[in-house]
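Listing of my_file.csv, CSV, C-alpha atoms
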```csv
chain,number,residue,atom,x,y,z
A,1,GLU,CA,119.0,94.8,-58.9
A,2,ALA,CA,118.3,93.8,-55.4
A,3,GLN,CA,119.2,90.2,-55.0
A,4,VAL,CA,120.7,87.3,-53.0
A,5,THR,CA,123.2,85.3,-54.9
A,6,GLN,CA,124.5,81.8,-54.1
A,7,ASN,CA,127.4,79.8,-55.6
A,8,PRO,CA,127.7,77.2,-56.8
A,9,ARG,CA,124.2,76.4,-58.0
A,10,TYR,CA,124.9,72.8,-58.3
A,11,LEU,CA,127.6,70.7,-56.6
A,12,ILE,CA,128.5,67.0,-56.5
A,13,THR,CA,131.2,66.1,-54.1
A,14,VAL,CA,132.4,63.1,-52.1
A,15,THR,CA,132.2,62.3,-48.4
A,16,GLY,CA,134.7,64.2,-46.3
A,17,LYS,CA,135.8,66.8,-48.8
A,18,LYS,CA,135.4,70.2,-47.3
A,19,LEU,CA,133.2,72.7,-49.2
A,20,THR,CA,131.9,76.2,-49.0
A,21,VAL,CA,128.7,77.6,-50.4
A,22,THR,CA,128.8,81.3,-50.7
A,23,CYS,CA,125.9,83.7,-50.2
A,24,SER,CA,125.9,87.4,-50.9
A,25,GLN,CA,123.2,90.1,-50.7
A,26,ASN,CA,123.3,93.6,-52.0
A,27,MET,CA,120.4,95.0,-50.0
A,28,ASN,CA,122.4,96.0,-46.9
A,29,HIS,CA,120.3,93.6,-44.8
A,30,GLU,CA,121.4,92.9,-41.3
A,31,TYR,CA,119.7,89.5,-41.0
A,32,MET,CA,120.8,86.5,-43.0
A,33,SER,CA,119.9,82.8,-42.7
A,34,TRP,CA,120.6,79.4,-44.2
A,35,TYR,CA,117.9,76.8,-44.8
A,36,ARG,CA,117.9,73.3,-46.2
A,37,GLN,CA,114.9,71.8,-48.1
A,38,ASP,CA,114.2,68.1,-48.1
A,39,PRO,CA,111.2,66.2,-49.4
A,40,GLY,CA,108.7,65.5,-46.7
A,41,LEU,CA,110.5,67.7,-44.2
A,42,GLY,CA,110.1,71.1,-45.8
A,43,LEU,CA,112.5,74.0,-45.1
A,44,ARG,CA,114.5,73.9,-42.0
A,45,GLN,CA,116.8,76.6,-40.7
A,46,ILE,CA,120.4,75.7,-40.3
A,47,TYR,CA,122.0,78.9,-39.0
A,48,TYR,CA,121.2,82.6,-38.8
A,49,SER,CA,123.0,85.8,-38.3
A,50,MET,CA,121.6,89.0,-36.8
A,51,ASN,CA,124.6,91.1,-37.9
A,52,VAL,CA,128.3,91.1,-38.5
A,53,GLU,CA,130.1,88.7,-36.2
A,54,VAL,CA,126.7,87.6,-34.7
A,55,THR,CA,125.7,84.1,-35.6
A,56,ASP,CA,123.6,81.4,-33.9
A,57,LYS,CA,122.3,77.9,-34.5
A,58,GLY,CA,118.9,77.2,-36.1
A,59,ASP,CA,117.1,73.9,-36.0
A,60,VAL,CA,119.6,71.7,-37.8
A,61,PRO,CA,123.1,73.0,-37.3
A,62,GLU,CA,125.0,69.8,-36.9
A,63,GLY,CA,127.7,69.3,-39.5
A,64,TYR,CA,127.6,73.0,-40.6
A,65,LYS,CA,129.5,76.1,-39.9
A,66,VAL,CA,129.0,79.7,-40.9
A,67,SER,CA,130.8,83.0,-40.6
A,68,ARG,CA,129.7,86.6,-41.0
A,69,LYS,CA,132.8,88.8,-41.4
A,70,GLU,CA,131.1,91.2,-43.7
A,71,LYS,CA,127.5,92.4,-43.8
A,72,ARG,CA,126.9,91.3,-47.3
A,73,ASN,CA,128.4,87.7,-47.1
A,74,PHE,CA,127.3,84.7,-45.2
A,75,PRO,CA,129.1,81.5,-46.4
A,76,LEU,CA,128.0,78.0,-45.3
A,77,ILE,CA,130.8,75.6,-44.6
A,78,LEU,CA,130.6,71.9,-44.6
A,79,GLU,CA,133.9,70.7,-43.0
A,80,SER,CA,133.3,67.0,-43.6
A,81,PRO,CA,130.2,66.5,-45.8
A,82,SER,CA,128.2,63.3,-45.4
A,83,PRO,CA,125.5,61.8,-47.7
A,84,ASN,CA,122.8,62.9,-45.3
A,85,GLN,CA,123.7,66.5,-46.2
A,86,THR,CA,122.5,66.0,-49.7
A,87,SER,CA,119.9,68.6,-50.0
A,88,LEU,CA,118.7,71.9,-51.6
A,89,TYR,CA,120.2,74.8,-49.7
A,90,PHE,CA,118.8,78.3,-49.6
A,91,CYS,CA,120.3,81.5,-48.3
A,92,ALA,CA,118.0,84.3,-47.2
A,93,SER,CA,118.4,87.9,-46.1
A,94,SER,CA,116.1,90.4,-44.4
A,95,THR,CA,116.1,93.8,-42.7
A,96,THR,CA,114.4,92.4,-39.6
A,97,GLY,CA,114.1,88.7,-40.1
A,98,ASN,CA,110.4,88.7,-40.9
A,99,GLU,CA,110.2,89.3,-44.6
A,100,GLN,CA,113.0,87.2,-46.1
A,101,PHE,CA,114.4,87.3,-49.6
A,102,PHE,CA,115.9,84.1,-50.9
A,103,GLY,CA,118.7,83.2,-53.2
A,104,PRO,CA,118.2,80.8,-56.1
A,105,GLY,CA,119.3,77.7,-54.1
A,106,THR,CA,122.3,75.3,-54.2
A,107,ARG,CA,121.7,71.7,-55.0
A,108,LEU,CA,124.3,69.6,-53.2
A,109,THR,CA,124.9,65.9,-53.7
A,110,VAL,CA,127.3,64.2,-51.4
A,111,LEU,CA,128.4,60.7,-52.6
B,1,ALA,CA,104.4,74.5,-30.6
B,2,GLN,CA,104.2,76.8,-33.6
B,3,SER,CA,103.4,75.1,-36.8
B,4,VAL,CA,102.0,75.6,-40.3
B,5,THR,CA,99.7,73.1,-42.0
B,6,GLN,CA,98.9,73.0,-45.7
B,7,PRO,CA,96.3,70.3,-45.9
B,8,ASP,CA,96.5,69.8,-49.7
B,9,ILE,CA,99.7,68.2,-50.9
B,10,HIS,CA,98.7,68.4,-54.5
B,11,ILE,CA,96.0,70.3,-56.4
B,12,THR,CA,95.2,70.2,-60.1
B,13,VAL,CA,93.1,72.9,-61.7
B,14,SER,CA,92.2,73.8,-65.3
B,15,GLU,CA,93.5,77.0,-66.8
B,16,GLY,CA,91.1,79.9,-66.2
B,17,ALA,CA,89.6,78.2,-63.1
B,18,SER,CA,89.7,79.8,-59.7
B,19,LEU,CA,92.2,78.6,-57.1
B,20,GLU,CA,92.3,78.5,-53.3
B,21,LEU,CA,95.2,77.0,-51.4
B,22,ARG,CA,94.7,76.4,-47.7
B,23,CYS,CA,97.0,77.3,-44.9
B,24,ASN,CA,96.4,76.9,-41.2
B,25,TYR,CA,98.8,78.0,-38.5
B,26,SER,CA,99.4,77.6,-34.8
B,27,TYR,CA,101.1,80.6,-33.2
B,28,GLY,CA,100.5,82.2,-29.8
B,29,ALA,CA,101.1,85.8,-30.7
B,30,THR,CA,99.9,87.9,-33.6
B,31,PRO,CA,101.5,86.2,-36.6
B,32,TYR,CA,103.4,87.6,-39.6
B,33,LEU,CA,102.2,85.5,-42.5
B,34,PHE,CA,103.7,84.8,-45.9
B,35,TRP,CA,103.1,83.0,-49.1
B,36,TYR,CA,106.0,82.0,-51.2
B,37,VAL,CA,106.1,80.3,-54.6
B,38,GLN,CA,108.8,78.0,-55.9
B,39,SER,CA,108.9,77.2,-59.6
B,40,PRO,CA,110.8,74.1,-60.8
B,41,GLY,CA,114.5,74.7,-60.4
B,42,GLN,CA,113.9,78.1,-59.0
B,43,GLY,CA,114.3,79.8,-55.7
B,44,LEU,CA,111.6,81.0,-53.4
B,45,GLN,CA,109.7,84.1,-54.4
B,46,LEU,CA,107.5,86.1,-52.0
B,47,LEU,CA,103.9,86.3,-53.3
B,48,LEU,CA,102.4,88.4,-50.5
B,49,LYS,CA,102.6,89.0,-46.7
B,50,TYR,CA,100.4,90.0,-43.8
B,51,PHE,CA,101.7,91.9,-40.9
B,52,SER,CA,98.7,93.9,-39.6
B,53,GLY,CA,95.7,95.9,-40.8
B,54,ASP,CA,93.5,94.9,-43.6
B,55,THR,CA,93.0,91.2,-43.5
B,56,LEU,CA,92.7,90.9,-47.3
B,57,VAL,CA,96.1,91.4,-48.8
B,58,GLN,CA,97.1,91.6,-52.5
B,59,GLY,CA,100.2,90.2,-53.9
B,60,ILE,CA,102.0,89.8,-57.1
B,61,LYS,CA,100.8,87.8,-60.1
B,62,GLY,CA,97.2,88.4,-59.3
B,63,PHE,CA,97.2,86.5,-56.0
B,64,GLU,CA,95.5,87.5,-52.8
B,65,ALA,CA,95.2,86.0,-49.3
B,66,GLU,CA,92.8,86.5,-46.5
B,67,PHE,CA,93.8,86.4,-42.8
B,68,LYS,CA,91.1,84.9,-40.6
B,69,ARG,CA,92.2,85.0,-37.0
B,70,SER,CA,89.2,83.1,-35.7
B,71,GLN,CA,90.1,80.2,-38.0
B,72,SER,CA,93.8,80.6,-37.8
B,73,SER,CA,93.9,80.6,-41.5
B,74,PHE,CA,95.7,82.5,-44.3
B,75,ASN,CA,94.3,81.0,-47.6
B,76,LEU,CA,95.7,82.0,-50.9
B,77,ARG,CA,93.4,82.7,-53.8
B,78,LYS,CA,93.5,83.6,-57.5
B,79,PRO,CA,90.4,84.2,-59.6
B,80,SER,CA,91.8,82.8,-62.8
B,81,VAL,CA,94.8,80.5,-63.0
B,82,HIS,CA,97.3,80.7,-65.8
B,83,TRP,CA,99.5,77.7,-66.9
B,84,SER,CA,102.5,79.6,-65.7
B,85,ASP,CA,101.2,79.4,-62.1
B,86,ALA,CA,102.1,75.7,-61.9
B,87,ALA,CA,104.6,75.6,-59.1
B,88,GLU,CA,105.0,74.7,-55.4
B,89,TYR,CA,103.4,77.1,-52.9
B,90,PHE,CA,104.5,77.5,-49.4
B,91,CYS,CA,102.8,79.2,-46.5
B,92,ALA,CA,105.0,80.5,-43.6
B,93,VAL,CA,104.7,82.1,-40.3
B,94,GLY,CA,107.3,84.6,-39.0
B,95,ALA,CA,108.1,83.5,-35.5
B,96,ARG,CA,110.4,85.0,-32.8
B,97,TYR,CA,112.6,82.9,-30.7
B,98,GLY,CA,114.8,85.1,-28.6
B,99,ASN,CA,116.9,87.1,-31.0
B,100,ASN,CA,116.0,84.8,-33.9
B,101,ARG,CA,113.2,85.7,-36.2
B,102,LYS,CA,112.8,82.7,-38.4
B,103,LEU,CA,110.1,81.4,-40.8
B,104,ILE,CA,108.2,78.3,-39.9
B,105,TRP,CA,107.1,76.6,-43.0
B,106,GLY,CA,104.3,74.4,-44.2
B,107,LEU,CA,105.2,71.5,-46.4
B,108,GLY,CA,103.9,73.0,-49.5
B,109,THR,CA,101.1,72.5,-52.0
B,110,SER,CA,102.1,71.4,-55.5
B,111,LEU,CA,99.8,73.1,-58.1
B,112,ALA,CA,99.4,71.5,-61.6
B,113,VAL,CA,97.4,73.4,-64.3
B,114,ASN,CA,95.6,71.6,-67.1
B,115,PRO,CA,95.4,73.4,-70.4
```
Show me, as structure tokens, the structure contained in the file I just sent.
Amino acid sequence: EAQVTQNPRYLITVTGKKLTVTCSQNMNHEYMSWYRQDPGLGLRQIYYSMNVEVTDKGDVPEGYKVSRKEKRNFPLILESPSPNQTSLYFCASSTTGNEQFFGPGTRLTVL
Amino acid sequence: AQSVTQPDIHITVSEGASLELRCNYSYGATPYLFWYVQSPGQGLQLLLKYFSGDTLVQGIKGFEAEFKRSQSSFNLRKPSVHWSDAAEYFCAVGARYGNNRKLIWGLGTSLAVNP
């Protein structure tokens, strides 16, 4: 089954404790992206990747890092999480970046 | 600046009634347009898309949408709503910024369905 998977689905952590949210797709898509969803602000792009080893900032990259060492994986790294990063995070993949397929989301709470 | 507006924050309809969710966009070039649905606790599922051609597009779950360039609109419709359609609906425009092709999102319309 073609899909985008994210782990973990739910995470509660404390300020400053490094964490990684994994994202994997099995559709051989070149384009991958991370979004965060917040009430009243909608979905905003954090980072995107056009291909392996090619990543760039989206609209709200501060406090986040990404890597793209393999085509299928695009982990989101929070080196020192803060409470304002409490959000619902979505990973997406696409052949071209237009029609994007989304993972199930990761709900992160930073205390 | 490119933007997407969904004028209705919340809509309630009765099961079996028809539905129309509004979406207006601002984008300089020919837009790629999408409707996604998000059920409670779920991810975002693509309902339908418009890239070019026929301005009336059919999607999954009995939904359709019509692209009207003159009105900069891409309204979502369904002739008869089912209780399982209760969800959050998002309209999005596919925009290109250099190498980045990202989605610009509306803030969503929450749909409630009365039995």
Check: Interatomic distance between CA of Asn26 (chain A) and CA of Leu78 (chain A)?
Finding: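 Result for CA of Asn26 (chain A) versus CA of Leu78 (chain A): 24.1 Å, one decimal.
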Next item on the list: Name the residues in contact with Ala1 (chain B) at a cut-off of 9 Å, using only C-alpha atoms, excluding same-chain residues fewer than 3 positions from it; report them as a VMD selection string.
Entry: chain B and resid 26 to 28
Near chain A, 10 Å: chain B residue rows, closest pairs, all atoms listed in the file, as a Markdown table:
```
| residue | atom | partner | partner_atom | distance |
| --- | --- | --- | --- | --- |
| B:Tyr32 | CA | A:Asn98 | CA | 7.2 |
| B:Leu33 | CA | A:Asn98 | CA | 8.9 |
| B:Phe34 | CA | A:Glu99 | CA | 8.0 |
| B:Gln38 | CA | A:Pro104 | CA | 9.8 |
| B:Gly41 | CA | A:Pro104 | CA | 8.3 |
| B:Gln42 | CA | A:Pro104 | CA | 5.8 |
| B:Gly43 | CA | A:Pro104 | CA | 4.0 |
| B:Leu44 | CA | A:Phe102 | CA | 5.9 |
| B:Gln45 | CA | A:Phe102 | CA | 7.1 |
| B:Leu46 | CA | A:Phe101 | CA | 7.4 |
| B:Leu48 | CA | A:Glu99 | CA | 9.8 |
| B:Lys49 | CA | A:Glu99 | CA | 7.9 |
| B:Tyr50 | CA | A:Glu99 | CA | 9.9 |
| B:Phe51 | CA | A:Asn98 | CA | 9.3 |
| B:Phe90 | CA | A:Gly42 | CA | 9.2 |
| B:Val93 | CA | A:Asn98 | CA | 8.7 |
| B:Gly94 | CA | A:Asn98 | CA | 5.5 |
| B:Ala95 | CA | A:Asn98 | CA | 7.8 |
| B:Arg96 | CA | A:Asn98 | CA | 8.9 |
| B:Asn99 | CA | A:Met50 | CA | 7.7 |
| B:Asn100 | CA | A:Tyr48 | CA | 7.5 |
| B:Arg101 | CA | A:Gly97 | CA | 5.0 |
| B:Lys102 | CA | A:Gly97 | CA | 6.4 |
| B:Leu103 | CA | A:Asn98 | CA | 7.3 |
| B:Ile104 | CA | A:Arg44 | CA | 8.0 |
| B:Trp105 | CA | A:Leu43 | CA | 6.4 |
| B:Gly106 | CA | A:Gly42 | CA | 6.9 |
| B:Leu107 | CA | A:Gly42 | CA | 5.0 |
| B:Gly108 | CA | A:Gly42 | CA | 7.5 |
```
Notebook entry, point to check: Closest to Ser82 (chain A) among A:Thr5, A:Asn51, A:Thr15, A:Thr109, using only C-alpha atoms?
Noted result: A:Thr15
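Closest approach to Leu21 (chain B) among B:Ser84, B:Ser39, B:Ser52, B:Asn75 is made by B:Asn75 (distances from all atoms listed in the file).
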Next item on the list: Starting from the point (102.3, 76.2, -55.0), work out which residues of protein, DNA or RNA have an atom no more than 6 Å away when counting only C-alpha atoms; state them as a PyMOL selection string.
Entry: chain B and resi 37+87-89+109-111
Next item on the list: Might you pull out every residue within 7 Å of Asn7 (chain A), with only C-alpha atoms counted and same-chain residues fewer than 4 positions away left off, and present them as a ChimeraX atom specification?
Entry: /A:21-23,106
Checklist line | CA of Val54 (chain A) to CA of Lys69 (chain A), distance in Å rounded to a single decimal | finding: 9.1 Å
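Note that the spacing between CA of Gln85 (chain A) and CA of Ser67 (chain A) amounts to 18.8 Å.
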Taking (126.6, 64.2, -50.5) in the file's own coordinates, collect the residues within 7 Å, counting only C-alpha atoms, and hand them back as a PDB file with C-alpha atoms, in the coordinates of the input.
```pdb
ATOM      1  CA  ILE A  12     128.500  67.000 -56.500  1.00  0.00           C
ATOM      2  CA  THR A  13     131.200  66.100 -54.100  1.00  0.00           C
ATOM      3  CA  VAL A  14     132.400  63.100 -52.100  1.00  0.00           C
ATOM      4  CA  THR A  15     132.200  62.300 -48.400  1.00  0.00           C
ATOM      5  CA  PRO A  81     130.200  66.500 -45.800  1.00  0.00           C
ATOM      6  CA  SER A  82     128.200  63.300 -45.400  1.00  0.00           C
ATOM      7  CA  PRO A  83     125.500  61.800 -47.700  1.00  0.00           C
ATOM      8  CA  ASN A  84     122.800  62.900 -45.300  1.00  0.00           C
ATOM      9  CA  GLN A  85     123.700  66.500 -46.200  1.00  0.00           C
ATOM     10  CA  THR A  86     122.500  66.000 -49.700  1.00  0.00           C
ATOM     11  CA  LEU A 108     124.300  69.600 -53.200  1.00  0.00           C
ATOM     12  CA  THR A 109     124.900  65.900 -53.700  1.00  0.00           C
ATOM     13  CA  VAL A 110     127.300  64.200 -51.400  1.00  0.00           C
ATOM     14  CA  LEU A 111     128.400  60.700 -52.600  1.00  0.00           C
TER      15      LEU A 111
END
```
